[in-house]
>>> print(open('data16.csv').read())   # CSV, C-alpha atoms and all ligand atoms
chain,number,residue,atom,x,y,z
A,1078,MET,CA,0.0,0.0,0.0
A,1079,ILE,CA,1.3,3.5,-0.8
A,1080,THR,CA,0.9,5.9,2.0
A,1081,LYS,CA,0.9,9.6,1.4
A,1082,PRO,CA,3.7,11.3,3.4
A,1083,THR,CA,2.5,13.7,6.1
A,1084,VAL,CA,3.5,17.3,5.7
A,1085,VAL,CA,6.9,18.4,7.2
A,1086,PRO,CA,6.2,19.9,10.6
A,1087,ARG,CA,5.9,23.6,10.5
A,1088,ALA,CA,6.7,26.5,12.9
A,1089,GLU,CA,5.6,30.1,12.7
A,1090,LEU,CA,7.4,33.2,14.2
A,1091,HIS,CA,5.4,36.0,12.7
A,1092,CYS,CA,1.6,36.3,13.0
A,1093,HIS,CA,-0.4,39.2,14.5
A,1094,ILE,CA,-3.1,37.8,16.9
A,1095,GLU,CA,-5.6,40.5,15.8
A,1096,GLY,CA,-4.6,39.9,12.2
A,1097,ALA,CA,-5.4,36.2,12.6
A,1098,ALA,CA,-9.1,36.8,13.4
A,1099,PRO,CA,-11.3,34.8,10.9
A,1100,PRO,CA,-14.3,36.9,9.5
A,1101,THR,CA,-16.7,34.4,11.1
A,1102,LEU,CA,-15.3,35.1,14.5
A,1103,VAL,CA,-15.3,38.9,13.9
A,1104,ARG,CA,-19.0,38.6,12.9
A,1105,LYS,CA,-19.7,36.7,16.1
A,1106,MET,CA,-18.0,39.5,18.2
A,1107,ALA,CA,-19.9,42.2,16.3
A,1108,GLN,CA,-23.2,40.4,17.2
A,1109,ARG,CA,-22.0,39.9,20.8
A,1110,TYR,CA,-21.5,43.7,21.1
A,1111,ASN,CA,-24.2,44.8,18.7
A,1112,VAL,CA,-21.8,46.6,16.4
A,1113,ASP,CA,-22.5,47.4,12.8
A,1114,LEU,CA,-19.5,46.2,10.7
A,1115,GLY,CA,-20.0,48.9,8.0
A,1116,ASP,CA,-17.7,48.1,5.0
A,1117,LEU,CA,-15.2,45.9,6.9
A,1118,PHE,CA,-16.1,43.0,4.7
A,1119,ASN,CA,-16.8,42.8,0.9
A,1120,SER,CA,-19.7,41.0,-0.6
A,1121,ALA,CA,-17.8,37.8,-0.6
A,1122,GLY,CA,-17.4,38.1,3.2
A,1123,GLU,CA,-13.7,38.8,3.0
A,1124,TYR,CA,-11.8,41.7,4.6
A,1125,ALA,CA,-12.1,44.8,2.4
A,1126,TRP,CA,-9.0,46.9,1.9
A,1127,HIS,CA,-6.9,48.0,-1.1
A,1128,ASP,CA,-3.5,49.2,0.1
A,1129,PHE,CA,-1.3,49.1,3.2
A,1130,THR,CA,-3.0,52.1,4.8
A,1131,THR,CA,-6.5,50.7,4.4
A,1132,PHE,CA,-5.3,47.3,5.5
A,1133,LEU,CA,-4.0,48.8,8.7
A,1134,LYS,CA,-7.4,50.6,9.2
A,1135,ALA,CA,-9.4,47.4,8.6
A,1136,TYR,CA,-7.1,45.6,11.0
A,1137,ASP,CA,-7.8,48.2,13.8
A,1138,VAL,CA,-11.6,48.0,13.2
A,1139,ALA,CA,-11.6,44.2,13.5
A,1140,ALA,CA,-9.3,44.3,16.6
A,1141,ALA,CA,-11.6,46.7,18.4
A,1142,LEU,CA,-14.3,44.0,18.5
A,1143,PHE,CA,-12.3,41.8,20.8
A,1144,ARG,CA,-13.2,43.4,24.2
A,1145,LYS,CA,-13.0,40.8,26.9
A,1146,GLN,CA,-10.5,38.3,28.2
A,1147,GLU,CA,-12.6,35.4,26.9
A,1148,ASP,CA,-12.9,37.0,23.4
A,1149,TYR,CA,-9.1,36.8,23.1
A,1150,ALA,CA,-9.1,33.3,24.6
A,1151,GLU,CA,-11.5,32.3,21.8
A,1152,LEU,CA,-9.4,34.0,19.1
A,1153,ALA,CA,-6.1,32.4,20.3
A,1154,GLU,CA,-7.6,29.0,20.7
A,1155,THR,CA,-9.2,29.2,17.2
A,1156,TYR,CA,-5.9,30.3,15.6
A,1157,PHE,CA,-3.6,27.8,17.3
A,1158,ARG,CA,-6.0,24.9,16.6
A,1159,MET,CA,-6.0,26.0,12.9
A,1160,LEU,CA,-2.2,26.1,12.9
A,1161,ALA,CA,-2.0,22.7,14.5
A,1162,ALA,CA,-4.5,21.3,11.9
A,1163,GLU,CA,-2.0,22.3,9.2
A,1164,GLY,CA,0.9,20.5,10.8
A,1165,ALA,CA,2.4,23.3,12.9
A,1166,ILE,CA,4.1,22.4,16.1
A,1167,TYR,CA,4.9,25.9,17.3
A,1168,GLY,CA,3.6,29.5,16.8
A,1169,GLU,CA,4.5,32.9,18.1
A,1170,VAL,CA,2.0,35.7,18.0
A,1171,PHE,CA,2.5,39.4,18.1
A,1172,ILE,CA,0.3,41.0,20.7
A,1173,SER,CA,-0.3,44.7,21.1
A,1174,SER,CA,-1.1,46.5,24.4
A,1175,ASP,CA,-2.3,49.4,22.3
A,1176,HIS,CA,-5.0,47.3,20.6
A,1177,ALA,CA,-6.0,45.9,24.0
A,1178,ALA,CA,-6.3,49.4,25.4
A,1179,ASN,CA,-8.3,50.6,22.3
A,1180,ALA,CA,-10.8,47.9,23.1
A,1181,GLY,CA,-11.0,48.8,26.7
A,1182,LEU,CA,-9.2,45.7,28.0
A,1183,SER,CA,-6.4,45.7,30.5
A,1184,TYR,CA,-3.1,44.3,29.4
A,1185,ARG,CA,-3.2,41.7,32.1
A,1186,ALA,CA,-6.7,40.4,31.0
A,1187,TYR,CA,-5.5,40.5,27.3
A,1188,VAL,CA,-2.4,38.4,27.9
A,1189,GLU,CA,-4.2,36.0,30.3
A,1190,GLY,CA,-6.9,35.5,27.6
A,1191,ILE,CA,-4.4,34.7,24.9
A,1192,ALA,CA,-2.4,32.5,27.2
A,1193,GLU,CA,-5.7,30.6,28.1
A,1194,GLY,CA,-6.5,30.1,24.4
A,1195,ILE,CA,-3.0,28.8,23.6
A,1196,LYS,CA,-3.2,26.5,26.6
A,1197,ARG,CA,-6.6,25.1,25.4
A,1198,ALA,CA,-5.1,24.5,21.9
A,1199,ASN,CA,-2.0,22.9,23.4
A,1200,GLU,CA,-4.2,20.5,25.4
A,1201,ALA,CA,-6.2,19.6,22.3
A,1202,THR,CA,-3.3,19.3,19.8
A,1203,GLY,CA,0.1,19.6,21.5
A,1204,ILE,CA,1.0,22.8,19.7
A,1205,GLU,CA,3.3,25.1,21.7
A,1206,GLY,CA,2.9,28.9,21.6
A,1207,ARG,CA,4.5,32.1,22.9
A,1208,MET,CA,3.7,35.9,22.6
A,1209,ILE,CA,5.7,38.8,21.4
A,1210,ALA,CA,4.7,42.2,22.8
A,1211,THR,CA,4.8,44.9,20.1
A,1212,GLY,CA,4.7,48.6,19.8
A,1213,VAL,CA,3.0,50.2,16.8
A,1214,ARG,CA,5.5,52.4,15.0
A,1215,HIS,CA,3.1,54.9,13.5
A,1216,TYR,CA,1.6,55.5,16.9
A,1217,GLY,CA,4.9,57.2,17.8
A,1218,ALA,CA,8.0,56.7,19.9
A,1219,LYS,CA,6.3,57.3,23.3
A,1220,SER,CA,3.6,54.8,22.5
A,1221,VAL,CA,6.3,52.2,21.5
A,1222,GLU,CA,8.2,52.9,24.8
A,1223,ASN,CA,4.9,52.4,26.7
A,1224,ALA,CA,4.4,49.1,25.0
A,1225,ALA,CA,7.9,48.0,26.1
A,1226,LEU,CA,7.4,49.3,29.6
A,1227,THR,CA,4.1,47.5,29.9
A,1228,ALA,CA,5.6,44.2,28.8
A,1229,VAL,CA,8.5,44.7,31.2
A,1230,ASN,CA,6.5,45.8,34.2
A,1231,GLU,CA,3.8,43.2,33.8
A,1232,PRO,CA,5.7,40.1,32.8
A,1233,HIS,CA,4.1,36.8,31.8
A,1234,PRO,CA,6.0,33.6,31.3
A,1235,MET,CA,4.5,33.2,27.8
A,1236,VAL,CA,5.4,36.7,26.7
A,1237,THR,CA,9.0,36.1,25.7
A,1238,GLY,CA,9.8,38.7,23.0
A,1239,PHE,CA,9.4,42.4,22.1
A,1240,GLY,CA,9.0,43.9,18.6
A,1241,ILE,CA,7.8,46.8,16.6
A,1242,ALA,CA,5.1,46.6,13.9
A,1243,GLY,CA,3.1,49.2,11.9
A,1244,ASP,CA,4.3,51.6,9.2
A,1245,GLU,CA,8.1,51.4,9.1
A,1246,ARG,CA,8.2,54.5,6.8
A,1247,GLU,CA,7.4,56.5,10.0
A,1248,GLY,CA,10.1,57.8,12.3
A,1249,HIS,CA,13.9,57.4,12.4
A,1250,PRO,CA,15.0,54.1,14.0
A,1251,SER,CA,16.9,56.0,16.7
A,1252,ASN,CA,13.5,57.2,18.1
A,1253,TYR,CA,12.6,53.6,19.1
A,1254,ALA,CA,16.0,52.5,20.4
A,1255,LYS,CA,15.1,53.2,24.1
A,1256,ALA,CA,12.1,50.8,23.9
A,1257,PHE,CA,14.3,48.0,22.6
A,1258,LYS,CA,16.9,48.7,25.2
A,1259,MET,CA,14.3,48.3,28.0
A,1260,ALA,CA,13.0,45.1,26.5
A,1261,LYS,CA,16.5,43.7,26.1
A,1262,GLU,CA,17.4,44.4,29.7
A,1263,ALA,CA,14.3,42.5,30.7
A,1264,GLY,CA,15.6,39.5,28.8
A,1265,LEU,CA,13.0,39.6,26.0
A,1266,GLY,CA,14.0,38.3,22.5
A,1267,LEU,CA,14.0,41.1,19.9
A,1268,THR,CA,12.5,41.4,16.4
A,1269,ALA,CA,11.4,44.4,14.2
A,1270,HIS,CA,9.3,44.8,11.1
A,1271,ALA,CA,11.7,46.3,8.5
A,1272,GLY,CA,12.4,45.8,4.8
A,1273,GLU,CA,8.7,45.4,3.9
A,1274,PHE,CA,7.7,48.9,2.8
A,1275,GLY,CA,11.0,50.4,3.7
A,1276,GLY,CA,14.2,49.6,1.7
A,1277,PRO,CA,17.5,48.2,2.8
A,1278,GLU,CA,18.2,51.3,4.9
A,1279,SER,CA,15.2,50.4,7.1
A,1280,VAL,CA,16.8,46.9,7.8
A,1281,ILE,CA,20.2,48.5,8.5
A,1282,GLY,CA,18.4,50.9,10.9
A,1283,ALA,CA,16.8,48.0,12.8
A,1284,LEU,CA,20.1,46.2,13.1
A,1285,ASP,CA,22.0,49.3,14.2
A,1286,TYR,CA,19.6,50.8,16.6
A,1287,PHE,CA,17.4,47.9,17.9
A,1288,GLY,CA,20.0,45.1,18.2
A,1289,VAL,CA,17.4,42.5,17.0
A,1290,SER,CA,18.2,38.9,16.2
A,1291,ARG,CA,15.3,38.6,13.8
A,1292,ILE,CA,13.7,40.9,11.2
A,1293,GLY,CA,10.0,40.8,10.4
A,1294,HIS,CA,10.0,40.6,6.6
A,1295,GLY,CA,13.5,41.9,5.8
A,1296,VAL,CA,13.1,40.8,2.2
A,1297,ARG,CA,14.0,44.2,0.6
A,1298,ALA,CA,17.5,43.6,2.0
A,1299,VAL,CA,18.0,41.7,-1.3
A,1300,GLU,CA,18.4,45.2,-3.0
A,1301,ASP,CA,21.7,45.7,-1.2
A,1302,PRO,CA,24.4,42.9,-1.6
A,1303,GLU,CA,26.4,44.3,1.3
A,1304,LEU,CA,23.4,44.0,3.6
A,1305,VAL,CA,22.7,40.5,2.4
A,1306,LYS,CA,26.3,39.6,3.4
A,1307,ARG,CA,25.8,41.2,6.8
A,1308,LEU,CA,22.6,39.2,7.4
A,1309,VAL,CA,24.5,36.0,6.6
A,1310,ASP,CA,27.6,37.0,8.7
A,1311,GLU,CA,25.5,38.0,11.7
A,1312,GLY,CA,23.1,35.0,11.4
A,1313,ILE,CA,20.1,37.3,11.4
A,1314,VAL,CA,16.9,35.3,10.9
A,1315,LEU,CA,14.2,36.7,8.5
A,1316,GLU,CA,10.5,36.2,9.3
A,1317,VAL,CA,9.5,36.0,5.7
A,1318,CYS,CA,5.8,36.4,4.8
A,1319,PRO,CA,5.6,35.8,1.0
A,1320,GLY,CA,1.8,35.8,0.7
A,1321,SER,CA,1.5,39.0,2.7
A,1322,ASN,CA,4.1,40.7,0.5
A,1323,VAL,CA,2.3,39.7,-2.7
A,1324,SER,CA,-1.1,40.6,-1.3
A,1325,LEU,CA,0.1,44.1,-0.2
A,1326,GLY,CA,1.8,44.6,-3.6
A,1327,VAL,CA,5.5,44.6,-2.4
A,1328,TYR,CA,6.0,42.0,-5.2
A,1329,THR,CA,3.6,41.3,-8.1
A,1330,ASN,CA,3.8,37.5,-8.0
A,1331,LEU,CA,5.3,34.8,-5.8
A,1332,ARG,CA,7.7,33.9,-8.6
A,1333,PHE,CA,9.3,37.3,-8.3
A,1334,HIS,CA,9.5,37.2,-4.5
A,1335,PRO,CA,13.2,37.1,-3.3
A,1336,VAL,CA,12.8,34.5,-0.6
A,1337,ASN,CA,14.6,31.8,-2.6
A,1338,ILE,CA,17.4,34.2,-3.7
A,1339,LEU,CA,18.0,35.2,0.0
A,1340,ARG,CA,17.9,31.5,1.0
A,1341,GLN,CA,20.4,30.5,-1.7
A,1342,ALA,CA,22.7,33.4,-0.6
A,1343,GLY,CA,22.8,31.8,2.9
A,1344,VAL,CA,20.4,34.1,4.7
A,1345,LYS,CA,18.4,32.2,7.4
A,1346,ILE,CA,14.8,32.3,6.4
A,1347,THR,CA,11.5,31.2,8.0
A,1348,LEU,CA,8.0,31.1,6.6
A,1349,ASN,CA,5.0,33.0,8.1
A,1350,SER,CA,1.5,34.0,7.4
A,1351,ASP,CA,1.5,37.6,9.1
A,1352,ASP,CA,-2.3,38.3,9.0
A,1353,PRO,CA,-3.7,35.2,7.4
A,1354,PRO,CA,-7.4,35.9,6.7
A,1355,PHE,CA,-6.5,39.4,5.5
A,1356,PHE,CA,-4.2,37.9,2.8
A,1357,LYS,CA,-6.3,34.8,2.2
A,1358,SER,CA,-3.4,32.7,3.4
A,1359,THR,CA,-2.4,30.2,6.1
A,1360,LEU,CA,0.9,28.9,7.3
A,1361,GLY,CA,0.3,25.7,5.4
A,1362,HIS,CA,-0.4,27.6,2.3
A,1363,GLU,CA,2.9,29.5,2.6
A,1364,TYR,CA,4.9,26.3,3.0
A,1365,ALA,CA,3.0,24.6,0.1
A,1366,GLU,CA,3.1,27.5,-2.4
A,1367,THR,CA,6.7,28.5,-1.9
A,1368,SER,CA,7.7,24.8,-2.1
A,1369,ARG,CA,5.7,24.4,-5.3
A,1370,VAL,CA,7.0,27.6,-6.9
A,1371,PHE,CA,10.6,27.3,-5.9
A,1372,GLY,CA,10.8,23.5,-6.0
A,1373,TRP,CA,11.7,23.1,-2.4
A,1374,ASP,CA,11.9,19.5,-1.3
A,1375,ARG,CA,11.1,18.1,2.2
A,1376,ALA,CA,14.8,18.6,3.3
A,1377,ILE,CA,14.5,22.3,2.5
A,1378,GLN,CA,11.2,22.6,4.3
A,1379,LYS,CA,12.6,20.8,7.3
A,1380,GLU,CA,15.6,23.2,7.3
A,1381,ILE,CA,13.1,26.2,7.3
A,1382,THR,CA,11.3,24.8,10.3
A,1383,LYS,CA,14.6,24.0,12.1
A,1384,THR,CA,15.6,27.6,11.5
A,1385,ALA,CA,12.4,28.8,13.1
A,1386,ILE,CA,13.0,26.6,16.2
A,1387,ASP,CA,16.6,27.8,16.5
A,1388,ALA,CA,15.4,31.4,16.4
A,1389,ALA,CA,12.3,30.9,18.5
A,1390,PHE,CA,11.8,33.0,21.7
A,1391,CYS,CA,11.3,30.0,23.9
A,1392,ASP,CA,13.2,28.0,26.5
A,1393,GLU,CA,15.6,25.2,25.7
A,1394,ALA,CA,13.4,22.4,27.1
A,1395,THR,CA,10.6,23.5,24.7
A,1396,LYS,CA,13.0,23.7,21.8
A,1397,LYS,CA,14.3,20.2,22.5
A,1398,LYS,CA,10.7,18.9,22.3
A,1399,LEU,CA,10.2,20.7,19.1
A,1400,TYR,CA,13.4,19.3,17.5
A,1401,GLU,CA,12.2,15.8,18.5
A,1402,LYS,CA,8.8,16.4,16.9
A,1403,LEU,CA,10.5,17.7,13.7
A,1404,GLU,CA,12.7,14.6,13.5
A,1405,ALA,CA,9.7,12.3,14.2
A,1406,GLY,CA,7.7,14.1,11.5
A,1407,THR,CA,10.4,13.8,8.9
A,1408,ALA,CA,11.7,10.2,9.6
A,1409,ASP,CA,10.8,8.9,6.1
B,1501,LIG,N1,0.7,44.9,11.5
B,1501,LIG,C1,0.0,43.9,11.1
B,1501,LIG,N2,0.4,43.5,9.9
B,1501,LIG,C2,1.5,44.2,9.5
B,1501,LIG,C3,2.4,44.2,8.5
B,1501,LIG,N3,2.3,43.4,7.4
B,1501,LIG,N4,3.4,45.2,8.4
B,1501,LIG,C4,3.4,46.1,9.5
B,1501,LIG,N5,2.6,46.1,10.5
B,1501,LIG,C5,1.7,45.2,10.5
B,1502,ZN,ZN,3.8,41.5,10.5
>>> encode(input="data16.csv", output="structure tokens", more="lines below")
Ligand code: ADE
Ligand code: ZN
Amino acid sequence: MITKPTVVPRAELHCHIEGAAPPTLVRKMAQRYNVDLGDLFNSAGEYAWHDFTTFLKAYDVAAALFRKQEDYAELAETYFRMLAAEGAIYGEVFISSDHAANAGLSYRAYVEGIAEGIKRANEATGIEGRMIATGVRHYGAKSVENAALTAVNEPHPMVTGFGIAGDEREGHPSNYAKAFKMAKEAGLGLTAHAGEFGGPESVIGALDYFGVSRIGHGVRAVEDPELVKRLVDEGIVLEVCPGSNVSLGVYTNLRFHPVNILRQAGVKITLNSDDPPFFKSTLGHEYAETSRVFGWDRAIQKEITKTAIDAAFCDEATKKKLYEKLEAGTAD
């Protein structure tokens, strides 16, 4: 009998919890709070936006519908169960104290809700998860410092990283250096969105001023060979989100996306879904489509998951379990 091989175990380092909200769950929250969704969805029931700015607006509108600890537990449980169903063994989600505050929720309740959702998904599927506190760059330097301070002053064992998201075209990187310094002193892992809508100079700024070990996106580094060399030499890991980049128009087509060029140059890359329902993607889709388009075999997919585990912001005992699962899932 011929048995179909199972998918190579997957791991995700870059997904925004609010950006992971499926439209069905958002509609449920809107009913719960009697909110009119206006033009958040198109006639096909999908998120409606047409560029980065309108995407960020739609994202904020959907996020504001999650108002209670249990709402976030439901969202996290839904997302991590979906990840696990696609063969993921690990996921890190970006969380945002600003979005919690916008919805009238305390940071403590927000984090406890997400932790509860991850725990429920873990009990059901074995998937492991962690959270990365983020500041939103276009909300300003003070707001990003506040996000770092909140994460530092109200620690949680599952909040293991700090990062910056939002519009990287805003503000000089030096404006945000203090936030990263505070997070680093508190022992949090560091990552920053750069090289998505900003060019190589934005990635250089993140490396020089933030001291990050990982870059969210980072793909536009490909435009500067010196920077590509630096990424390789310093072992910087890119959280690449190909579907997101194509959806938001950074590249016209997956065939023209630089993820394979970067990988072949020796840059450490991982695959991620960013804000899956906004981009009609999933982590499984990212692995499957890049593998199809670039001809990646199981060994390359395994290497990508291993890179994610190496770079994960979690403890060594958890990593050991994940490596064992990766080996068990690829013993063919
Ligand atoms: N926040 C949510 N998704 C984002 C993205 N793709 N880039 C920057 N900030 C974001
Ligand atoms: Zn992102």
>>> closest_atom_pairs(input="data16.csv", of="chain A", to="ligand ZN 1502 (chain B)", cutoff="12 Å", atoms="all atoms listed in the file", output="JSON lines")
{"residue": "A:Glu1089", "atom": "CA", "partner": "B:ZN1502", "partner_atom": "ZN", "distance": 11.7}
{"residue": "A:Leu1090", "atom": "CA", "partner": "B:ZN1502", "partner_atom": "ZN", "distance": 9.8}
{"residue": "A:His1091", "atom": "CA", "partner": "B:ZN1502", "partner_atom": "ZN", "distance": 6.1}
{"residue": "A:Cys1092", "atom": "CA", "partner": "B:ZN1502", "partner_atom": "ZN", "distance": 6.2}
{"residue": "A:His1093", "atom": "CA", "partner": "B:ZN1502", "partner_atom": "ZN", "distance": 6.2}
{"residue": "A:Ile1094", "atom": "CA", "partner": "B:ZN1502", "partner_atom": "ZN", "distance": 10.1}
{"residue": "A:Glu1095", "atom": "CA", "partner": "B:ZN1502", "partner_atom": "ZN", "distance": 10.8}
{"residue": "A:Gly1096", "atom": "CA", "partner": "B:ZN1502", "partner_atom": "ZN", "distance": 8.7}
{"residue": "A:Ala1097", "atom": "CA", "partner": "B:ZN1502", "partner_atom": "ZN", "distance": 10.8}
{"residue": "A:Phe1129", "atom": "CA", "partner": "B:ZN1502", "partner_atom": "ZN", "distance": 11.7}
{"residue": "A:Phe1132", "atom": "CA", "partner": "B:ZN1502", "partner_atom": "ZN", "distance": 11.9}
{"residue": "A:Leu1133", "atom": "CA", "partner": "B:ZN1502", "partner_atom": "ZN", "distance": 10.8}
{"residue": "A:Tyr1136", "atom": "CA", "partner": "B:ZN1502", "partner_atom": "ZN", "distance": 11.7}
{"residue": "A:Glu1169", "atom": "CA", "partner": "B:ZN1502", "partner_atom": "ZN", "distance": 11.5}
{"residue": "A:Val1170", "atom": "CA", "partner": "B:ZN1502", "partner_atom": "ZN", "distance": 9.7}
{"residue": "A:Phe1171", "atom": "CA", "partner": "B:ZN1502", "partner_atom": "ZN", "distance": 8.0}
{"residue": "A:Ile1172", "atom": "CA", "partner": "B:ZN1502", "partner_atom": "ZN", "distance": 10.8}
{"residue": "A:Ser1173", "atom": "CA", "partner": "B:ZN1502", "partner_atom": "ZN", "distance": 11.8}
{"residue": "A:Ile1209", "atom": "CA", "partner": "B:ZN1502", "partner_atom": "ZN", "distance": 11.4}
{"residue": "A:Thr1211", "atom": "CA", "partner": "B:ZN1502", "partner_atom": "ZN", "distance": 10.2}
{"residue": "A:Gly1212", "atom": "CA", "partner": "B:ZN1502", "partner_atom": "ZN", "distance": 11.7}
{"residue": "A:Val1213", "atom": "CA", "partner": "B:ZN1502", "partner_atom": "ZN", "distance": 10.8}
{"residue": "A:Arg1214", "atom": "CA", "partner": "B:ZN1502", "partner_atom": "ZN", "distance": 11.9}
{"residue": "A:Gly1240", "atom": "CA", "partner": "B:ZN1502", "partner_atom": "ZN", "distance": 9.9}
{"residue": "A:Ile1241", "atom": "CA", "partner": "B:ZN1502", "partner_atom": "ZN", "distance": 9.0}
{"residue": "A:Ala1242", "atom": "CA", "partner": "B:ZN1502", "partner_atom": "ZN", "distance": 6.3}
{"residue": "A:Gly1243", "atom": "CA", "partner": "B:ZN1502", "partner_atom": "ZN", "distance": 7.9}
{"residue": "A:Asp1244", "atom": "CA", "partner": "B:ZN1502", "partner_atom": "ZN", "distance": 10.2}
{"residue": "A:Glu1245", "atom": "CA", "partner": "B:ZN1502", "partner_atom": "ZN", "distance": 10.9}
{"residue": "A:Thr1268", "atom": "CA", "partner": "B:ZN1502", "partner_atom": "ZN", "distance": 10.5}
{"residue": "A:Ala1269", "atom": "CA", "partner": "B:ZN1502", "partner_atom": "ZN", "distance": 8.9}
{"residue": "A:His1270", "atom": "CA", "partner": "B:ZN1502", "partner_atom": "ZN", "distance": 6.4}
{"residue": "A:Ala1271", "atom": "CA", "partner": "B:ZN1502", "partner_atom": "ZN", "distance": 9.5}
{"residue": "A:Gly1272", "atom": "CA", "partner": "B:ZN1502", "partner_atom": "ZN", "distance": 11.2}
{"residue": "A:Glu1273", "atom": "CA", "partner": "B:ZN1502", "partner_atom": "ZN", "distance": 9.1}
{"residue": "A:Phe1274", "atom": "CA", "partner": "B:ZN1502", "partner_atom": "ZN", "distance": 11.4}
{"residue": "A:Ile1292", "atom": "CA", "partner": "B:ZN1502", "partner_atom": "ZN", "distance": 9.9}
{"residue": "A:Gly1293", "atom": "CA", "partner": "B:ZN1502", "partner_atom": "ZN", "distance": 6.2}
{"residue": "A:His1294", "atom": "CA", "partner": "B:ZN1502", "partner_atom": "ZN", "distance": 7.4}
{"residue": "A:Gly1295", "atom": "CA", "partner": "B:ZN1502", "partner_atom": "ZN", "distance": 10.8}
{"residue": "A:Leu1315", "atom": "CA", "partner": "B:ZN1502", "partner_atom": "ZN", "distance": 11.6}
{"residue": "A:Glu1316", "atom": "CA", "partner": "B:ZN1502", "partner_atom": "ZN", "distance": 8.6}
{"residue": "A:Val1317", "atom": "CA", "partner": "B:ZN1502", "partner_atom": "ZN", "distance": 9.3}
{"residue": "A:Cys1318", "atom": "CA", "partner": "B:ZN1502", "partner_atom": "ZN", "distance": 7.9}
{"residue": "A:Pro1319", "atom": "CA", "partner": "B:ZN1502", "partner_atom": "ZN", "distance": 11.2}
{"residue": "A:Gly1320", "atom": "CA", "partner": "B:ZN1502", "partner_atom": "ZN", "distance": 11.5}
{"residue": "A:Ser1321", "atom": "CA", "partner": "B:ZN1502", "partner_atom": "ZN", "distance": 8.5}
{"residue": "A:Asn1322", "atom": "CA", "partner": "B:ZN1502", "partner_atom": "ZN", "distance": 10.0}
{"residue": "A:Leu1325", "atom": "CA", "partner": "B:ZN1502", "partner_atom": "ZN", "distance": 11.6}
{"residue": "A:Leu1348", "atom": "CA", "partner": "B:ZN1502", "partner_atom": "ZN", "distance": 11.9}
{"residue": "A:Asn1349", "atom": "CA", "partner": "B:ZN1502", "partner_atom": "ZN", "distance": 8.9}
{"residue": "A:Ser1350", "atom": "CA", "partner": "B:ZN1502", "partner_atom": "ZN", "distance": 8.4}
{"residue": "A:Asp1351", "atom": "CA", "partner": "B:ZN1502", "partner_atom": "ZN", "distance": 4.7}
{"residue": "A:Asp1352", "atom": "CA", "partner": "B:ZN1502", "partner_atom": "ZN", "distance": 7.0}
{"residue": "A:Pro1353", "atom": "CA", "partner": "B:ZN1502", "partner_atom": "ZN", "distance": 10.3}
{"residue": "A:Phe1355", "atom": "CA", "partner": "B:ZN1502", "partner_atom": "ZN", "distance": 11.6}
{"residue": "A:Phe1356", "atom": "CA", "partner": "B:ZN1502", "partner_atom": "ZN", "distance": 11.7}
>>> atom_distance(input="data16.csv", atom1="atom CA of Ala1260 of chain A", atom2="atom CA of Tyr1184 of chain A")
16.4 Å
>>> atom_distance(input="data16.csv", atom1="atom CA of Asp1148 of chain A", atom2="atom CA of Asp1392 of chain A")
27.8 Å
>>> closest_residue(input="data16.csv", among="A:Asp1137, A:Glu1247, A:Glu1404, A:Asp1128", to="Val1327 of chain A", atoms="only C-alpha atoms")
A:Asp1128
>>> residues_near_point(input="data16.csv", point="(12.4, 47.4, 27.0)", cutoff="7 Å", atoms="all atoms listed in the file", output="PyMOL selection string")
chain A and resi 1225-1226+1229+1256-1263
>>> atom_distance(input="data16.csv", atom1="atom CA of Ile1346 of chain A", atom2="atom CA of Val1084 of chain A")
18.8 Å
>>> closest_residue(input="data16.csv", among="A:Val1221, A:Ala1177, A:Leu1160, A:Leu1339", to="Arg1144 of chain A", atoms="all atoms listed in the file")
A:Ala1177
>>> residues_around(input="data16.csv", residues="Tyr1110 of chain A", least_positions_apart="5", cutoff="10 Å", atoms="all atoms listed in the file", output="short mmCIF file (atom, residue, chain, number, x, y, z; two decimals) with C-alpha atoms, in the coordinates of the input")
data_model
loop_
_atom_site.label_atom_id
_atom_site.label_comp_id
_atom_site.auth_asym_id
_atom_site.auth_seq_id
_atom_site.Cartn_x
_atom_site.Cartn_y
_atom_site.Cartn_z
CA ARG A 1104 -19.00 38.60 12.90
CA LYS A 1105 -19.70 36.70 16.10
CA LEU A 1142 -14.30 44.00 18.50
CA PHE A 1143 -12.30 41.80 20.80
CA ARG A 1144 -13.20 43.40 24.20
#
>>> closest_residue(input="data16.csv", among="A:Val1309, A:Ala1150, A:Ala1254, A:Met1106", to="Gly1190 of chain A", atoms="only C-alpha atoms")
A:Ala1150
>>> closest_residue(input="data16.csv", among="A:Gly1326, A:Gly1282, A:Pro1232, A:Gly1343", to="Val1305 of chain A", atoms="only C-alpha atoms")
A:Gly1343
>>> closest_residue(input="data16.csv", among="A:Tyr1149, A:Tyr1187, A:Tyr1216, A:Phe1371", to="ligand LIG 1501 (chain B)", atoms="only C-alpha atoms and all ligand atoms")
A:Tyr1216
>>> closest_residue(input="data16.csv", among="A:Thr1384, A:Arg1332, A:His1233, A:Gly1181", to="Ser1368 of chain A", atoms="all atoms listed in the file")
A:Arg1332
